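A short worksheet on the structure shown next.
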Amino acid sequence: MAAGKWIGGFLGFITGGPLGALAGFALGYLFDLGLDAVNGYDDYNNREYDDQHHQRRSYSDQTTQQRTYEGQRNSFLFSLLVLASYIIRADGKVMHSEMELLRNFLRTNFGEEARRQGEEIVLRLFEQQKQMGASQFRSTIRSACAQIARNMDYSQRLQLLNFLVMIAQADGKVVPEEIQALKEVAVSLSLSTEDVESMLNLRDSSTSIEAAYKVLGIEPSATDDEVKAAYRKMALKHHPDRVATLGDDVKKAAEKKFKEINDAKEKIYKARGL
């Protein structure tokens with residue numbers, strides 16, 4: 001993804017509602033002017049391509065598909081930054097390790113310019129949170145989550161929550177305030193608090209049988225059939241192919257999570273002799 005298109009291109013469903021309001025603050029005049037500038041540029045390209053190749057309809061179809069893809073992807077990424085700004089400050093502090101995880105994610109997958117712009121957006125959202133106050137910003141986040149839930153499919157929302165859990169875990173511990181914020185976000189995204197508990201235990205599931213059971217959302221007293229059914233349910237929910245349209249980088253993160261789910265299953269199966 002080109003960082004410029006992220007800032008001034010196809011922002012999908014976030015151009016309205018509470019996310020649109022936050023985008024207007026975070027992106028400033030780039031957001032206000034970018035859509036017209038990019039749309040005008042695309043109209044020029046459409047005409048030029050039509051004149052040279054006489055394939056207007058084919059090009060238009062490709063452009064529409066590309067806009068749809070970019071809109072989904074960029075909406076996902078901006079939603080991540082908005083919710084990350086809330087989770088990072090949930091305990092009243094901005095931890096270097098949490099910001100560094102976010103920086104590395106942007107840098108690794110989208111380049112240094114996207115890292116710089118993404119960090120600037122988060123810092124502006126921190127400032128917005130201070131201006132609005134904690135209570136009002138929390139209400140805005142809940143409304144933003146409801147907007148996301150209406151426009152983003154279930155698997156993409158699960159992956160969004162997974163990234164937020166990873167950010168909360170970046171400093172090696174997740175304090176009660178962060179857990180509460182994660183659960184608030186999950187419920188507002190039309191997910192569940194059990195999803196949060198499962199994701200929080202992914203990292204420990206390779207060494208702890210108790211964590212492995214929590215990953216699958218079952219108790220150690222569950223029957224073998226219940227264990228198998230819980231694993232099938234988790235595998236279906238978190239299969240990486242379900243987020244493939246968001247790009248290879250997001251899919252790779254989903255693949256890592258999927259492997260951890262499988263590792264938890266294997267630990268339980270081995271303990272039970274299955």
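The way I read the labels, and the way they are meant: chains A, B, ... in the order of the structure tokens, residue 1 as the first residue of every chain, and ligand 1 as the first ligand shown, with later ones counted on from there.
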
Residue set, segment 114-248 of chain A restricted to helix (DSSP H, G or I), as a PyMOL selection string: chain A and resi 114-132+134-151+154-168+176-188+193-200+209-216+224-237+240-246+248

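The neighbours of Ile179 of chain A here are the residues that come within 12 Å of it, using only C-alpha atoms and leaving out any residue fewer than 3 positions away in the same chain; they are A:Ile87, A:Ile88, A:Ala90, A:Asp91, A:Leu161, A:Leu164, A:Val165, A:Met166, A:Ile167, A:Ala168, A:Gln169, A:Lys173, A:Val174, A:Val175, A:Pro176, A:Leu182, A:Lys183, A:Glu184, A:Val185, A:Ala186, A:Thr193, A:Glu194, A:Asp195, A:Val196, A:Glu197, A:Met199, A:Leu200.
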
Kindly save the residues from that selection, with N, CA and C atoms included, as a short mmCIF file (atom, residue, chain, number, x, y, z; two decimals), in the first residue's frame.
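Saved to part32.cif:
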data_model
loop_
_atom_site.label_atom_id
_atom_site.label_comp_id
_atom_site.auth_asym_id
_atom_site.auth_seq_id
_atom_site.Cartn_x
_atom_site.Cartn_y
_atom_site.Cartn_z
N ILE A 87 -6.23 1.73 23.35
CA ILE A 87 -5.67 0.65 24.15
C ILE A 87 -4.33 1.07 24.77
N ILE A 88 -3.49 1.75 24.01
CA ILE A 88 -2.18 2.15 24.50
C ILE A 88 -2.29 3.06 25.72
N ALA A 90 -4.88 3.09 27.82
CA ALA A 90 -5.90 2.58 28.73
C ALA A 90 -5.46 2.62 30.18
N ASP A 91 -4.15 2.45 30.42
CA ASP A 91 -3.65 2.48 31.79
C ASP A 91 -3.11 3.85 32.18
N LEU A 161 -8.93 -7.21 16.59
CA LEU A 161 -8.82 -7.41 18.03
C LEU A 161 -7.50 -8.09 18.38
N LEU A 164 -4.75 -5.64 18.59
CA LEU A 164 -4.85 -4.82 19.80
C LEU A 164 -4.33 -5.58 21.02
N VAL A 165 -4.62 -6.88 21.09
CA VAL A 165 -4.10 -7.71 22.19
C VAL A 165 -2.58 -7.76 22.12
N MET A 166 -2.02 -7.92 20.92
CA MET A 166 -0.56 -7.94 20.76
C MET A 166 0.07 -6.64 21.25
N ILE A 167 -0.58 -5.51 20.95
CA ILE A 167 -0.06 -4.22 21.41
C ILE A 167 -0.09 -4.14 22.93
N ALA A 168 -1.19 -4.60 23.53
CA ALA A 168 -1.29 -4.57 24.99
C ALA A 168 -0.24 -5.46 25.65
N GLN A 169 0.16 -6.53 24.97
CA GLN A 169 1.14 -7.47 25.52
C GLN A 169 2.59 -7.06 25.26
N LYS A 173 3.37 -7.44 30.02
CA LYS A 173 2.28 -7.63 30.97
C LYS A 173 1.06 -6.86 30.49
N VAL A 174 -0.10 -7.36 30.86
CA VAL A 174 -1.36 -6.71 30.51
C VAL A 174 -2.08 -6.39 31.82
N VAL A 175 -2.18 -5.11 32.13
CA VAL A 175 -2.77 -4.69 33.40
C VAL A 175 -4.30 -4.74 33.30
N PRO A 176 -4.98 -4.76 34.46
CA PRO A 176 -6.45 -4.85 34.45
C PRO A 176 -7.13 -3.78 33.61
N LEU A 182 -9.84 -3.75 26.40
CA LEU A 182 -9.92 -4.73 25.32
C LEU A 182 -11.30 -5.39 25.28
N LYS A 183 -11.84 -5.70 26.45
CA LYS A 183 -13.16 -6.34 26.49
C LYS A 183 -14.26 -5.36 26.07
N GLU A 184 -14.12 -4.09 26.45
CA GLU A 184 -15.09 -3.08 26.01
C GLU A 184 -15.08 -2.97 24.49
N VAL A 185 -13.88 -2.92 23.92
CA VAL A 185 -13.76 -2.83 22.47
C VAL A 185 -14.34 -4.07 21.81
N ALA A 186 -14.03 -5.25 22.34
CA ALA A 186 -14.53 -6.50 21.76
C ALA A 186 -16.06 -6.51 21.71
N THR A 193 -16.10 -11.23 25.08
CA THR A 193 -15.01 -11.16 26.04
C THR A 193 -14.21 -12.47 26.04
N GLU A 194 -14.87 -13.56 25.65
CA GLU A 194 -14.15 -14.85 25.54
C GLU A 194 -13.09 -14.79 24.44
N ASP A 195 -13.34 -14.02 23.38
CA ASP A 195 -12.33 -13.86 22.33
C ASP A 195 -11.08 -13.20 22.89
N VAL A 196 -11.28 -12.22 23.76
CA VAL A 196 -10.14 -11.54 24.40
C VAL A 196 -9.35 -12.53 25.26
N GLU A 197 -10.05 -13.30 26.09
CA GLU A 197 -9.39 -14.26 26.97
C GLU A 197 -8.58 -15.27 26.14
N MET A 199 -7.27 -14.89 23.10
CA MET A 199 -6.10 -14.25 22.49
C MET A 199 -5.03 -13.92 23.52
N LEU A 200 -5.44 -13.55 24.73
CA LEU A 200 -4.47 -13.24 25.77
C LEU A 200 -3.65 -14.46 26.17
#

Surrounding residues of Val250 of chain A excluding itself and chain neighbours under 4 positions, 10 Å, only C-alpha atoms, as a list of chain:residue names: A:Arg73, A:Phe76, A:Leu77, A:Phe105, A:Asn109, A:Gln156, A:Gln159, A:Leu160, A:Phe163, A:Pro240, A:Val243, A:Ala244, A:Thr245, A:Leu246, A:Ala254, A:Glu255

Neighbour list for Gln129 of chain A as a ChimeraX atom specification, cut-off 12 Å, only C-alpha atoms, skip fewer than 2 positions in-chain: /A:22,25-26,82-83,85-90,92,122-127,131-141

For N, CA, C and O atoms, I'd like the residues from the last selection saved as a JSON list (two decimals), in the first residue's frame.
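See again_9.json below for the written result:
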[["chain", "number", "residue", "atom", "x", "y", "z"],
["A", 22, "LEU", "N", -12.95, 11.43, 13.50],
["A", 22, "LEU", "CA", -11.59, 11.23, 13.99],
["A", 22, "LEU", "C", -10.57, 11.35, 12.87],
["A", 22, "LEU", "O", -9.48, 11.89, 13.05],
["A", 25, "PHE", "N", -9.86, 14.96, 12.13],
["A", 25, "PHE", "CA", -8.93, 15.56, 13.10],
["A", 25, "PHE", "C", -7.52, 15.03, 12.89],
["A", 25, "PHE", "O", -6.55, 15.80, 12.87],
["A", 26, "ALA", "N", -7.40, 13.70, 12.73],
["A", 26, "ALA", "CA", -6.07, 13.09, 12.68],
["A", 26, "ALA", "C", -5.33, 13.39, 11.39],
["A", 26, "ALA", "O", -4.11, 13.53, 11.37],
["A", 82, "VAL", "N", -6.89, 3.98, 15.32],
["A", 82, "VAL", "CA", -7.83, 4.60, 16.26],
["A", 82, "VAL", "C", -7.95, 3.77, 17.53],
["A", 82, "VAL", "O", -7.83, 4.29, 18.65],
["A", 83, "LEU", "N", -8.18, 2.47, 17.37],
["A", 83, "LEU", "CA", -8.36, 1.61, 18.54],
["A", 83, "LEU", "C", -7.06, 1.42, 19.30],
["A", 83, "LEU", "O", -7.06, 1.30, 20.53],
["A", 85, "SER", "N", -4.79, 3.68, 19.67],
["A", 85, "SER", "CA", -4.60, 4.89, 20.48],
["A", 85, "SER", "C", -5.38, 4.81, 21.79],
["A", 85, "SER", "O", -4.97, 5.38, 22.82],
["A", 86, "TYR", "N", -6.47, 4.09, 21.79],
["A", 86, "TYR", "CA", -7.28, 3.90, 22.99],
["A", 86, "TYR", "C", -6.66, 2.86, 23.92],
["A", 86, "TYR", "O", -6.54, 3.08, 25.14],
["A", 87, "ILE", "N", -6.23, 1.73, 23.35],
["A", 87, "ILE", "CA", -5.67, 0.65, 24.15],
["A", 87, "ILE", "C", -4.33, 1.07, 24.77],
["A", 87, "ILE", "O", -4.05, 0.78, 25.94],
["A", 88, "ILE", "N", -3.49, 1.75, 24.01],
["A", 88, "ILE", "CA", -2.18, 2.15, 24.50],
["A", 88, "ILE", "C", -2.29, 3.06, 25.72],
["A", 88, "ILE", "O", -1.49, 2.97, 26.66],
["A", 89, "ARG", "N", -3.31, 3.92, 25.75],
["A", 89, "ARG", "CA", -3.47, 4.85, 26.86],
["A", 89, "ARG", "C", -4.47, 4.35, 27.91],
["A", 89, "ARG", "O", -4.83, 5.10, 28.82],
["A", 90, "ALA", "N", -4.88, 3.09, 27.82],
["A", 90, "ALA", "CA", -5.90, 2.58, 28.73],
["A", 90, "ALA", "C", -5.46, 2.62, 30.18],
["A", 90, "ALA", "O", -6.28, 2.80, 31.09],
["A", 92, "GLY", "N", -3.39, 4.87, 31.35],
["A", 92, "GLY", "CA", -2.97, 6.22, 31.65],
["A", 92, "GLY", "C", -1.54, 6.53, 31.26],
["A", 92, "GLY", "O", -1.05, 7.63, 31.54],
["A", 122, "VAL", "N", -1.49, 8.54, 15.30],
["A", 122, "VAL", "CA", -1.73, 8.09, 16.67],
["A", 122, "VAL", "C", -1.46, 9.21, 17.67],
["A", 122, "VAL", "O", -2.22, 9.41, 18.63],
["A", 123, "LEU", "N", -0.40, 9.98, 17.47],
["A", 123, "LEU", "CA", -0.09, 11.08, 18.37],
["A", 123, "LEU", "C", -1.19, 12.15, 18.34],
["A", 123, "LEU", "O", -1.54, 12.72, 19.38],
["A", 124, "ARG", "N", -1.74, 12.39, 17.16],
["A", 124, "ARG", "CA", -2.85, 13.35, 17.06],
["A", 124, "ARG", "C", -4.10, 12.80, 17.75],
["A", 124, "ARG", "O", -4.87, 13.56, 18.35],
["A", 125, "LEU", "N", -4.28, 11.50, 17.68],
["A", 125, "LEU", "CA", -5.42, 10.89, 18.38],
["A", 125, "LEU", "C", -5.23, 10.95, 19.89],
["A", 125, "LEU", "O", -6.21, 11.12, 20.64],
["A", 126, "PHE", "N", -3.98, 10.82, 20.36],
["A", 126, "PHE", "CA", -3.71, 11.02, 21.79],
["A", 126, "PHE", "C", -4.13, 12.43, 22.20],
["A", 126, "PHE", "O", -4.73, 12.65, 23.26],
["A", 127, "GLU", "N", -3.79, 13.41, 21.37],
["A", 127, "GLU", "CA", -4.14, 14.80, 21.65],
["A", 127, "GLU", "C", -5.65, 14.99, 21.66],
["A", 127, "GLU", "O", -6.19, 15.69, 22.51],
["A", 131, "GLN", "N", -8.13, 16.35, 24.69],
["A", 131, "GLN", "CA", -9.08, 17.45, 24.52],
["A", 131, "GLN", "C", -10.51, 17.03, 24.88],
["A", 131, "GLN", "O", -11.27, 17.80, 25.47],
["A", 132, "MET", "N", -10.88, 15.81, 24.49],
["A", 132, "MET", "CA", -12.24, 15.34, 24.71],
["A", 132, "MET", "C", -12.47, 14.89, 26.14],
["A", 132, "MET", "O", -13.59, 14.96, 26.65],
["A", 133, "GLY", "N", -11.41, 14.41, 26.80],
["A", 133, "GLY", "CA", -11.55, 13.81, 28.11],
["A", 133, "GLY", "C", -11.81, 12.32, 27.97],
["A", 133, "GLY", "O", -12.36, 11.86, 26.97],
["A", 134, "ALA", "N", -11.43, 11.57, 29.01],
["A", 134, "ALA", "CA", -11.48, 10.11, 28.93],
["A", 134, "ALA", "C", -12.88, 9.58, 28.68],
["A", 134, "ALA", "O", -13.08, 8.67, 27.86],
["A", 135, "SER", "N", -13.88, 10.13, 29.36],
["A", 135, "SER", "CA", -15.24, 9.62, 29.25],
["A", 135, "SER", "C", -15.81, 9.83, 27.84],
["A", 135, "SER", "O", -16.38, 8.90, 27.25],
["A", 136, "GLN", "N", -15.65, 11.03, 27.30],
["A", 136, "GLN", "CA", -16.18, 11.32, 25.98],
["A", 136, "GLN", "C", -15.44, 10.54, 24.90],
["A", 136, "GLN", "O", -16.04, 10.05, 23.94],
["A", 137, "PHE", "N", -14.12, 10.40, 25.07],
["A", 137, "PHE", "CA", -13.35, 9.65, 24.08],
["A", 137, "PHE", "C", -13.75, 8.17, 24.11],
["A", 137, "PHE", "O", -13.87, 7.53, 23.06],
["A", 138, "ARG", "N", -13.99, 7.64, 25.30],
["A", 138, "ARG", "CA", -14.44, 6.26, 25.42],
["A", 138, "ARG", "C", -15.77, 6.06, 24.70],
["A", 138, "ARG", "O", -15.97, 5.07, 23.98],
["A", 139, "SER", "N", -16.66, 7.03, 24.85],
["A", 139, "SER", "CA", -17.95, 6.96, 24.15],
["A", 139, "SER", "C", -17.76, 7.01, 22.63],
["A", 139, "SER", "O", -18.43, 6.29, 21.89],
["A", 140, "THR", "N", -16.83, 7.85, 22.19],
["A", 140, "THR", "CA", -16.54, 7.94, 20.75],
["A", 140, "THR", "C", -15.97, 6.63, 20.23],
["A", 140, "THR", "O", -16.32, 6.17, 19.14],
["A", 141, "ILE", "N", -15.09, 6.00, 21.01],
["A", 141, "ILE", "CA", -14.50, 4.73, 20.61],
["A", 141, "ILE", "C", -15.59, 3.66, 20.48],
["A", 141, "ILE", "O", -15.60, 2.86, 19.54]]

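Between atom CA of Lys233 of chain A and atom CA of Val215 of chain A the separation is 11.6 Å.
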